[in-house]
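Text of the file coords_16.txt, holding compact mmCIF, C-alpha atoms and all ligand atoms:
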```
# COMPACT_ATOMS: atom_id res chain seq x y z
CA MET A 1 142.14 121.63 301.99
CA LYS A 2 144.69 123.24 299.71
CA ALA A 3 145.22 127.00 299.92
CA ALA A 4 147.64 129.73 298.89
CA LEU A 5 148.83 131.11 302.20
CA ILE A 6 151.53 133.27 303.71
CA GLU A 7 153.54 132.59 306.85
CA LYS A 8 155.12 136.06 306.91
CA ASN A 9 154.76 139.40 305.15
CA GLY A 10 156.96 140.09 302.15
CA GLY A 11 157.30 139.83 298.38
CA PRO A 12 155.25 137.53 296.11
CA GLU A 13 157.58 134.63 297.01
CA VAL A 14 156.03 134.38 300.50
CA LEU A 15 152.87 132.92 298.91
CA ILE A 16 152.98 129.16 299.51
CA TYR A 17 150.64 126.52 298.07
CA GLY A 18 150.00 124.31 301.08
CA ASP A 19 147.52 122.70 303.42
CA ALA A 20 145.11 124.42 305.79
CA PRO A 21 142.35 123.05 308.04
CA ASP A 22 138.92 122.67 306.42
CA PRO A 23 136.59 125.44 307.62
CA VAL A 24 133.44 124.63 309.58
CA ALA A 25 130.16 126.54 309.20
CA GLY A 26 129.27 128.43 312.38
CA PRO A 27 125.74 129.62 313.15
CA GLY A 28 124.36 131.60 310.20
CA GLU A 29 127.26 130.53 307.97
CA VAL A 30 127.71 128.27 304.98
CA VAL A 31 130.82 126.50 303.74
CA VAL A 32 131.44 127.22 300.07
CA ASP A 33 133.53 124.86 297.94
CA ILE A 34 135.35 127.50 295.95
CA HIS A 35 135.58 127.08 292.17
CA ALA A 36 137.12 130.47 291.41
CA ALA A 37 138.69 133.30 293.43
CA SER A 38 140.03 136.61 292.18
CA VAL A 39 143.12 138.71 292.81
CA ASN A 40 142.33 142.22 294.00
CA ALA A 41 144.83 145.03 294.43
CA ALA A 42 144.18 144.94 298.16
CA ASP A 43 145.61 141.40 298.32
CA TRP A 44 149.20 142.33 297.59
CA LYS A 45 148.97 145.31 299.95
CA VAL A 46 147.98 142.87 302.72
CA ARG A 47 150.73 140.44 301.64
CA VAL A 48 153.42 143.15 301.83
CA ASP A 49 152.76 144.52 305.31
CA GLY A 50 149.27 143.50 306.43
CA ASP A 51 148.01 146.84 305.05
CA GLY A 52 148.60 148.29 308.48
CA LYS A 53 147.42 145.26 310.49
CA ALA A 54 149.27 142.41 312.23
CA LEU A 55 148.13 139.17 310.55
CA PRO A 56 147.57 135.85 312.35
CA PHE A 57 149.96 133.52 310.43
CA PRO A 58 149.55 131.26 308.57
CA TYR A 59 147.17 133.58 306.75
CA ILE A 60 145.05 132.96 303.64
CA LEU A 61 144.52 136.00 301.41
CA GLY A 62 141.64 136.59 299.01
CA ARG A 63 138.43 138.59 299.24
CA ASP A 64 136.01 137.18 296.68
CA PHE A 65 134.92 133.78 295.47
CA SER A 66 132.37 131.79 293.50
CA GLY A 67 131.48 128.18 294.23
CA LEU A 68 128.98 125.66 295.58
CA VAL A 69 127.48 125.54 299.08
CA SER A 70 128.75 122.33 300.72
CA ALA A 71 127.65 122.72 304.37
CA LEU A 72 125.03 124.73 306.26
CA GLY A 73 125.44 126.17 309.75
CA ASP A 74 122.63 126.42 312.28
CA GLY A 75 119.86 128.77 311.24
CA VAL A 76 120.68 128.96 307.53
CA THR A 77 117.44 128.59 305.61
CA ASP A 78 118.04 130.58 302.42
CA PHE A 79 120.55 128.20 300.81
CA ALA A 80 120.70 124.45 300.20
CA ILE A 81 123.67 122.15 299.70
CA GLY A 82 124.77 122.42 296.07
CA ASP A 83 123.55 125.98 295.47
CA ALA A 84 125.88 128.02 293.27
CA VAL A 85 126.82 131.27 295.02
CA PHE A 86 129.26 134.14 294.70
CA GLY A 87 130.34 136.70 297.23
CA VAL A 88 132.83 138.93 298.94
CA CYS A 89 134.33 138.12 302.34
CA ASP A 90 133.01 140.11 305.27
CA VAL A 91 134.88 143.32 306.16
CA GLY A 92 138.07 142.32 307.98
CA GLN A 93 137.82 138.70 306.77
CA GLU A 94 139.89 137.08 303.99
CA GLY A 95 140.62 133.50 302.96
CA ALA A 96 139.30 133.02 299.41
CA TYR A 97 142.61 131.69 297.98
CA ALA A 98 141.50 128.25 299.13
CA GLU A 99 139.41 125.23 298.22
CA LYS A 100 136.80 126.10 300.87
CA ILE A 101 135.64 129.05 302.94
CA ALA A 102 133.10 129.52 305.75
CA MET A 103 131.03 132.63 305.15
CA LYS A 104 128.09 134.50 306.65
CA ALA A 105 125.15 133.36 304.48
CA ALA A 106 123.43 136.76 304.67
CA ILE A 107 126.18 138.52 302.67
CA ILE A 108 126.48 136.14 299.72
CA ALA A 109 124.22 135.83 296.67
CA ARG A 110 123.12 133.23 294.16
CA LYS A 111 125.44 133.04 291.18
CA PRO A 112 123.56 133.99 287.99
CA ASP A 113 123.11 130.83 285.86
CA ALA A 114 124.36 132.69 282.80
CA LEU A 115 127.79 133.26 284.39
CA SER A 116 130.52 130.71 284.99
CA HIS A 117 132.23 130.75 288.39
CA MET A 118 135.23 132.49 286.78
CA GLU A 119 132.95 135.19 285.33
CA ALA A 120 130.93 135.67 288.53
CA VAL A 121 133.98 136.21 290.71
CA SER A 122 135.47 138.63 288.17
CA LEU A 123 132.60 140.99 289.04
CA ALA A 124 132.26 140.41 292.79
CA LEU A 125 134.45 142.83 294.79
CA THR A 126 134.97 145.07 291.76
CA GLY A 127 131.21 145.29 291.07
CA LEU A 128 130.33 145.74 294.74
CA THR A 129 132.86 148.57 295.06
CA ALA A 130 131.81 150.25 291.82
CA THR A 131 128.07 150.14 292.58
CA VAL A 132 128.56 151.49 296.11
CA SER A 133 130.86 154.24 294.82
CA ILE A 134 128.95 155.35 291.72
CA GLU A 135 125.35 154.84 292.83
CA ASP A 136 125.34 155.21 296.63
CA THR A 137 128.26 157.56 297.28
CA LEU A 138 128.49 159.80 294.22
CA LYS A 139 124.78 159.35 293.37
CA LEU A 140 125.69 159.89 289.72
CA GLN A 141 122.84 161.28 287.62
CA ALA A 142 122.01 161.12 283.90
CA GLY A 143 123.58 164.02 282.03
CA GLU A 144 126.42 164.52 284.53
CA THR A 145 130.08 164.34 283.57
CA ILE A 146 132.39 162.05 285.54
CA LEU A 147 136.16 161.53 285.39
CA ILE A 148 137.02 157.91 286.27
CA GLN A 149 140.71 157.58 287.08
CA GLY A 150 142.49 154.35 286.11
CA GLY A 151 139.87 153.09 283.62
CA ALA A 152 141.58 149.81 282.71
CA GLY A 153 141.51 148.51 286.29
CA GLY A 154 138.99 146.05 287.65
CA VAL A 155 136.87 148.48 289.68
CA ALA A 156 137.14 151.38 287.24
CA GLY A 157 136.26 149.21 284.22
CA PHE A 158 133.00 148.25 285.91
CA ALA A 159 132.42 151.88 286.94
CA ILE A 160 132.78 153.18 283.37
CA GLN A 161 130.05 150.83 282.17
CA LEU A 162 127.78 151.61 285.12
CA ALA A 163 128.21 155.37 284.63
CA LYS A 164 127.31 155.02 280.93
CA HIS A 165 124.30 152.87 281.84
CA LEU A 166 123.14 155.68 284.17
CA GLY A 167 123.40 158.17 281.32
CA ALA A 168 126.54 160.04 282.34
CA HIS A 169 129.28 161.43 280.10
CA VAL A 170 132.43 159.47 280.98
CA ILE A 171 136.02 160.67 280.78
CA THR A 172 138.73 158.21 281.83
CA THR A 173 142.51 157.92 282.11
CA ALA A 174 144.49 154.98 280.70
CA SER A 175 147.74 154.28 278.92
CA ALA A 176 147.57 154.25 275.10
CA ALA A 177 147.54 150.45 274.87
CA ASN A 178 144.19 150.44 276.69
CA HIS A 179 142.38 153.12 274.69
CA ASP A 180 140.53 150.69 272.40
CA TYR A 181 139.50 148.75 275.50
CA MET A 182 138.22 151.98 277.12
CA ARG A 183 136.16 152.78 274.02
CA GLN A 184 134.75 149.26 274.04
CA LEU A 185 133.58 149.81 277.66
CA GLY A 186 131.84 152.99 276.54
CA ALA A 187 134.16 155.81 277.63
CA ASP A 188 133.39 159.05 275.77
CA GLU A 189 136.81 160.68 276.25
CA ILE A 190 140.11 159.01 277.05
CA ILE A 191 143.19 160.73 278.45
CA ASP A 192 146.61 159.10 278.01
CA TYR A 193 147.98 159.94 281.45
CA ASN A 194 151.53 159.23 280.27
CA THR A 195 151.51 162.09 277.76
CA GLN A 196 148.68 164.38 278.91
CA ASP A 197 148.15 166.23 282.18
CA PHE A 198 144.50 165.57 283.05
CA THR A 199 144.37 168.69 285.24
CA LYS A 200 144.97 170.78 282.08
CA THR A 201 142.70 168.88 279.68
CA VAL A 202 139.71 168.05 281.90
CA SER A 203 137.52 170.56 283.75
CA ASN A 204 133.98 171.25 284.84
CA CYS A 205 133.21 167.70 286.00
CA ASP A 206 130.29 166.96 288.31
CA ALA A 207 132.04 163.94 289.78
CA VAL A 208 135.34 162.07 290.00
CA PHE A 209 135.85 158.40 290.84
CA GLU A 210 139.51 158.03 291.84
CA THR A 211 140.96 154.48 291.86
CA VAL A 212 144.68 155.14 291.27
CA GLY A 213 146.02 156.74 294.45
CA GLY A 214 149.24 158.71 295.07
CA ASP A 215 149.46 162.23 293.61
CA VAL A 216 146.52 161.52 291.28
CA SER A 217 144.14 161.65 294.26
CA MET A 218 144.75 165.22 295.37
CA GLN A 219 145.14 166.48 291.78
CA SER A 220 141.71 165.08 290.91
CA TYR A 221 139.95 167.85 292.84
CA ALA A 222 141.14 170.31 290.15
CA VAL A 223 138.75 168.98 287.50
CA LEU A 224 135.56 169.49 289.54
CA LYS A 225 133.08 172.29 288.96
CA ALA A 226 131.80 174.17 292.03
CA GLY A 227 129.53 171.81 293.95
CA GLY A 228 131.23 168.74 292.50
CA ARG A 229 132.07 165.62 294.45
CA ALA A 230 134.92 163.10 294.33
CA ALA A 231 135.02 159.55 295.68
CA PHE A 232 138.36 157.91 296.56
CA ILE A 233 139.08 154.20 297.03
CA ALA A 234 142.87 154.10 296.69
CA SER A 235 143.91 156.67 299.29
CA GLY A 236 143.31 154.78 302.53
CA GLY A 237 140.30 154.91 304.79
CA THR A 238 139.46 158.59 304.35
CA ALA A 239 139.19 160.96 301.40
CA PRO A 240 142.03 163.46 301.02
CA VAL A 241 140.97 166.87 302.38
CA PRO A 242 139.93 169.05 299.40
CA PRO A 243 142.22 172.02 298.69
CA ARG A 244 139.12 174.13 297.93
CA ASP A 245 135.92 174.65 299.87
CA ASP A 246 133.41 174.39 297.01
CA VAL A 247 133.73 170.62 296.43
CA GLN A 248 133.24 167.44 298.46
CA GLY A 249 135.68 164.56 299.08
CA LEU A 250 134.02 161.22 299.87
CA ARG A 251 135.26 157.79 300.96
CA PRO A 252 132.76 155.12 299.83
CA ALA A 253 131.70 152.83 302.68
CA VAL A 254 132.12 149.53 300.85
CA GLY A 255 130.26 147.14 303.14
CA ARG A 256 129.27 143.57 302.30
CA ASP A 257 125.69 142.65 301.57
CA ARG A 258 123.60 140.52 299.24
CA GLU A 259 121.73 143.50 297.76
CA HIS A 260 124.78 144.96 296.02
CA LEU A 261 125.78 141.57 294.61
CA GLU A 262 122.25 141.21 293.26
CA ARG A 263 122.57 144.65 291.71
CA VAL A 264 125.78 143.46 290.01
CA ALA A 265 123.94 140.39 288.69
CA GLU A 266 121.09 142.61 287.49
CA LEU A 267 123.47 144.90 285.59
CA VAL A 268 124.97 141.88 283.84
CA ALA A 269 121.50 140.52 282.99
CA LEU A 270 120.52 143.93 281.57
CA GLY A 271 123.59 143.81 279.33
CA ALA A 272 124.88 147.00 280.97
CA VAL A 273 128.13 145.41 282.14
CA GLN A 274 130.34 142.96 280.28
CA ILE A 275 132.73 140.40 281.73
CA PRO A 276 136.26 141.87 281.99
CA PRO A 277 139.22 140.25 280.22
CA ILE A 278 140.18 137.32 282.47
CA THR A 279 143.68 135.91 282.93
CA GLU A 280 143.47 132.48 284.54
CA TYR A 281 145.96 131.07 287.07
CA PRO A 282 146.00 127.90 289.16
CA LEU A 283 146.04 128.56 292.91
CA SER A 284 149.52 127.03 293.04
CA GLU A 285 150.80 130.01 291.00
CA ALA A 286 149.53 132.75 293.30
CA ALA A 287 152.97 134.36 293.47
CA ALA A 288 153.04 134.81 289.68
CA ALA A 289 149.56 136.33 289.73
CA HIS A 290 150.59 138.77 292.47
CA ARG A 291 153.62 139.89 290.42
CA VAL A 292 151.26 140.87 287.59
CA SER A 293 148.76 142.64 289.88
CA GLU A 294 151.47 144.52 291.76
CA ALA A 295 153.00 145.83 288.51
CA ARG A 296 149.78 147.93 288.28
CA HIS A 297 149.14 147.62 284.54
CA LEU A 298 146.69 144.77 284.51
CA ARG A 299 143.76 144.99 282.09
CA GLY A 300 140.68 143.32 283.63
CA LYS A 301 141.02 140.56 286.24
CA LEU A 302 143.34 137.77 287.38
CA ILE A 303 141.30 134.74 288.44
CA PHE A 304 142.36 131.55 290.21
CA LYS A 305 140.61 128.48 288.82
CA VAL A 306 140.47 126.50 292.05
CA ARG A 307 138.56 123.42 290.85
N1 LIG A 401 136.69 148.43 299.35
C1 LIG A 401 137.54 149.28 298.81
O1 LIG A 401 137.71 150.37 299.28
C2 LIG A 401 138.29 148.87 297.59
C3 LIG A 401 137.83 147.79 296.83
C4 LIG A 401 138.51 147.45 295.68
C5 LIG A 401 139.66 148.16 295.33
N2 LIG A 401 140.11 149.17 296.12
C6 LIG A 401 141.35 149.90 295.73
O2 LIG A 401 141.11 150.50 294.48
C7 LIG A 401 142.31 150.52 293.71
C8 LIG A 401 142.04 149.93 292.34
O3 LIG A 401 141.77 148.55 292.49
P1 LIG A 401 141.64 147.61 291.21
O4 LIG A 401 141.55 146.20 291.71
O5 LIG A 401 140.59 148.11 290.30
O6 LIG A 401 143.06 147.85 290.54
P2 LIG A 401 143.77 147.16 289.32
O7 LIG A 401 142.78 146.35 288.55
O8 LIG A 401 144.99 146.49 289.81
O9 LIG A 401 144.17 148.47 288.47
C9 LIG A 401 145.22 148.44 287.61
C10 LIG A 401 145.01 149.50 286.54
O10 LIG A 401 145.43 150.77 287.00
C11 LIG A 401 145.80 151.52 285.85
N3 LIG A 401 146.74 152.58 286.24
C12 LIG A 401 147.90 152.45 286.93
N4 LIG A 401 148.44 153.67 287.16
C13 LIG A 401 147.61 154.59 286.58
C14 LIG A 401 147.61 156.01 286.47
N5 LIG A 401 148.59 156.76 286.99
N6 LIG A 401 146.57 156.62 285.85
C15 LIG A 401 145.56 155.88 285.31
N7 LIG A 401 145.51 154.52 285.38
C16 LIG A 401 146.52 153.89 286.01
C17 LIG A 401 146.42 150.52 284.91
O11 LIG A 401 146.08 150.86 283.58
P3 LIG A 401 147.20 151.25 282.50
O12 LIG A 401 147.93 149.98 282.16
O13 LIG A 401 146.40 151.84 281.39
O14 LIG A 401 148.11 152.21 283.19
C18 LIG A 401 145.77 149.19 285.30
O15 LIG A 401 144.84 148.76 284.34
C19 LIG A 401 143.35 149.79 294.55
O16 LIG A 401 144.14 150.73 295.25
C20 LIG A 401 142.53 148.97 295.52
O17 LIG A 401 143.20 148.68 296.72
C21 LIG A 401 139.44 149.56 297.22
```
Full structure transcribed into structure tokens:
Amino acid sequence: MKAALIEKNGGPEVLIYGDAPDPVAGPGEVVVDIHAASVNAADWKVRVDGDGKALPFPYILGRDFSGLVSALGDGVTDFAIGDAVFGVCDVGQEGAYAEKIAMKAAIIARKPDALSHMEAVSLALTGLTATVSIEDTLKLQAGETILIQGGAGGVAGFAIQLAKHLGAHVITTASAANHDYMRQLGADEIIDYNTQDFTKTVSNCDAVFETVGGDVSMQSYAVLKAGGRAAFIASGGTAPVPPRDDVQGLRPAVGRDREHLERVAELVALGAVQIPPITEYPLSEAAAAHRVSEARHLRGKLIFKVR
């Protein structure tokens, strides 16, 4: 099969469009013929230095996919050949920048008929992460106020819509060029982080969802009211330790399971979440897609149209 793979860590230029062995479905697995795969911010972090891990080269990046089941491993009874599915690779597994992938059947879900493969994958890892963070970790309630950092990003864009659907008041940060987009997603208040200091203009929040990282993470604690909680997904594997003892710092445990993907599909069916702006690339131009993602000003999602 064809894949976008790396043979060493480094800049975007290490991404090569080449050949890799076809995967085989082990017990409990299916092979999915991938139609679309997405670029997530984690991908270029892994490309640069393994994100802290030594990679077995050649290595295929990519964490989410949508496609058709083309082979069944022993014991798989819940899918048939030809079923349209979407999913996120198991924790510690990658390989979606490819024409095929072998995947644990239990953690993937049926693709909603109303969505194309490109649309389904645009909501896979981002939707999974946002639902775990907003609903399971922060347990956001109607009437609460939340600051969502980095609103124009893939995860945060989903989170804004989910928070509005739950009945929260949503404040977000974005550069001026994205303010109309933020309003379209439902944000109630928008801070231009280039010209405004959010720690001076925002206060008394019940919750923060922090997706930007760097200094923004620690500073985010300042906007919480006593008893508030903040969830962090861009600061490594643990939440930064709060500088005050009346708030909570949380690191969402973003596992992989069918239930959260079905929740994503349900939110789309309810009309609560719209498809993000999609920029399409062929798999052979993975390096170009990574340059855009790594520049950190992407609106919506970069998607590889694989077939
Ligand atoms: N399982 C997990 O824990 C998990 C899963 C998914 C993602 N993540 C992490 O979550 C983070 C976000 O991922 P993503 O895929 O959603 O990112 P993304 O789509 O690449 O986010 C890019 C966005 O960040 C915004 N941005 C950049 N700097 C900003 C700042 N200082 N303040 C506010 N907004 C800023 C940009 O908007 P402007 O152009 O308006 O600046 C751009 O739209 C990444 O660090 C990723 O690794 C973790």
- Distance of CA of Lys45 (chain A) from CA of Ile6 (chain A), expressed in Å to one decimal place: 12.9 Å
Using all atoms listed in the file, which residues have at least one atom no more than 6 Å from ligand LIG 401 (chain A)? Output them as a compact mmCIF listing (two decimals) with C-alpha atoms, keeping the file's coordinate frame.
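Final file, pocket08.txt:
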```
# COMPACT_ATOMS: atom_id res chain seq x y z
CA ASN A 40 142.33 142.22 294.00
CA ALA A 41 144.83 145.03 294.43
CA ALA A 42 144.18 144.94 298.16
CA THR A 126 134.97 145.07 291.76
CA THR A 129 132.86 148.57 295.06
CA GLN A 149 140.71 157.58 287.08
CA GLY A 150 142.49 154.35 286.11
CA ALA A 152 141.58 149.81 282.71
CA GLY A 153 141.51 148.51 286.29
CA GLY A 154 138.99 146.05 287.65
CA VAL A 155 136.87 148.48 289.68
CA ALA A 156 137.14 151.38 287.24
CA THR A 173 142.51 157.92 282.11
CA ALA A 174 144.49 154.98 280.70
CA SER A 175 147.74 154.28 278.92
CA ASN A 178 144.19 150.44 276.69
CA TYR A 193 147.98 159.94 281.45
CA THR A 211 140.96 154.48 291.86
CA VAL A 212 144.68 155.14 291.27
CA ILE A 233 139.08 154.20 297.03
CA ALA A 234 142.87 154.10 296.69
CA VAL A 254 132.12 149.53 300.85
CA SER A 293 148.76 142.64 289.88
CA ARG A 296 149.78 147.93 288.28
CA HIS A 297 149.14 147.62 284.54
CA LEU A 298 146.69 144.77 284.51
CA ARG A 299 143.76 144.99 282.09
```
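Considering the residues A:Gln161, A:Ser284, A:Gln274, A:Gln93 and counting all atoms listed in the file, Ser122 (chain A) has its shortest atom-to-atom contact with A:Gln274.
Candidate residues A:Met218, A:Ile134, A:Leu261, A:Leu115 were compared for distance to Val241 (chain A), and the nearest is A:Met218, using all atoms listed in the file.
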- Polymer residues at most 7 Å from Trp44 (chain A), all atoms listed in the file, same-chain spacing of 4 or more positions, as a ChimeraX atom specification: /A:48,290,294
- Residue with the minimum atom-to-atom distance to Lys2 (chain A), picked from A:Glu99, A:Gly26, A:Asp188, A:Asp51 with only C-alpha atoms counted, is A:Glu99
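Distance annotation: of A:Lys8, A:Arg307, A:Arg256, A:His169, the residue with the minimal separation from Ala54 (chain A) is A:Lys8; atom set is all atoms listed in the file.
Residue nearest Pro276 (chain A) within the list A:Lys111, A:Lys200, A:Lys301, A:Arg183: A:Lys301 [criterion: smallest interatomic distance, all atoms listed in the file].
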Around (122.5, 127.5, 315.0) in the file's frame, which residues reach within 12 Å when counting all atoms listed in the file? Return as a compact mmCIF listing (two decimals) with C-alpha atoms, in the frame of the given file?
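Saved file selection.txt follows:
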```txt
# COMPACT_ATOMS: atom_id res chain seq x y z
CA ALA A 25 130.16 126.54 309.20
CA GLY A 26 129.27 128.43 312.38
CA PRO A 27 125.74 129.62 313.15
CA GLY A 28 124.36 131.60 310.20
CA GLU A 29 127.26 130.53 307.97
CA VAL A 30 127.71 128.27 304.98
CA LEU A 72 125.03 124.73 306.26
CA GLY A 73 125.44 126.17 309.75
CA ASP A 74 122.63 126.42 312.28
CA GLY A 75 119.86 128.77 311.24
CA VAL A 76 120.68 128.96 307.53
CA THR A 77 117.44 128.59 305.61
```
- What is the distance between CA of His260 (chain A) and CA of Ile278 (chain A), in Å to one decimal? 21.9 Å
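Nearest residue to Tyr97 (chain A) among A:Val216, A:Glu285, A:Pro12, A:Asn194 is A:Glu285, counting only C-alpha atoms.
Between CA of Val24 (chain A) and CA of Ala96 (chain A) lies a distance of 14.4 Å.
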- Item | Exercise: Ala109 (chain A) partners within 8 Å, only C-alpha atoms, chain neighbours under 3 positions left out, as an MDAnalysis selection string | chainID A and resid 85:87 258 261:262
- Message: I'd like the neighbourhood of Glu135 (chain A) as JSON, numbers by chain, where a residue qualifies if any of its atoms comes within 9 Å (using all atoms listed in the file), though same-chain residues fewer than 5 positions away should be ignored.
- Response: {"A": [130, 140, 141, 162, 163, 166]}
- Within 7 Å of Val170 (chain A), counting only C-alpha atoms, which residues qualify if same-chain residues fewer than 5 places away don't, as a ChimeraX atom specification? /A:145-147,160,163-164,187-189
Test item: residues at most 8 Å from Val247 (chain A), all atoms listed in the file, excluding those fewer than 6 positions along its chain, as a PDB file with C-alpha atoms, keeping the file's coordinate frame:
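Saved file result.pdb follows:
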```pdb
ATOM      1  CA  TYR A 221     139.950 167.850 292.840  1.00  0.00           C
ATOM      2  CA  LEU A 224     135.560 169.490 289.540  1.00  0.00           C
ATOM      3  CA  LYS A 225     133.080 172.290 288.960  1.00  0.00           C
ATOM      4  CA  ALA A 226     131.800 174.170 292.030  1.00  0.00           C
ATOM      5  CA  GLY A 227     129.530 171.810 293.950  1.00  0.00           C
ATOM      6  CA  GLY A 228     131.230 168.740 292.500  1.00  0.00           C
ATOM      7  CA  ARG A 229     132.070 165.620 294.450  1.00  0.00           C
ATOM      8  CA  ALA A 230     134.920 163.100 294.330  1.00  0.00           C
TER       9      ALA A 230
END
```
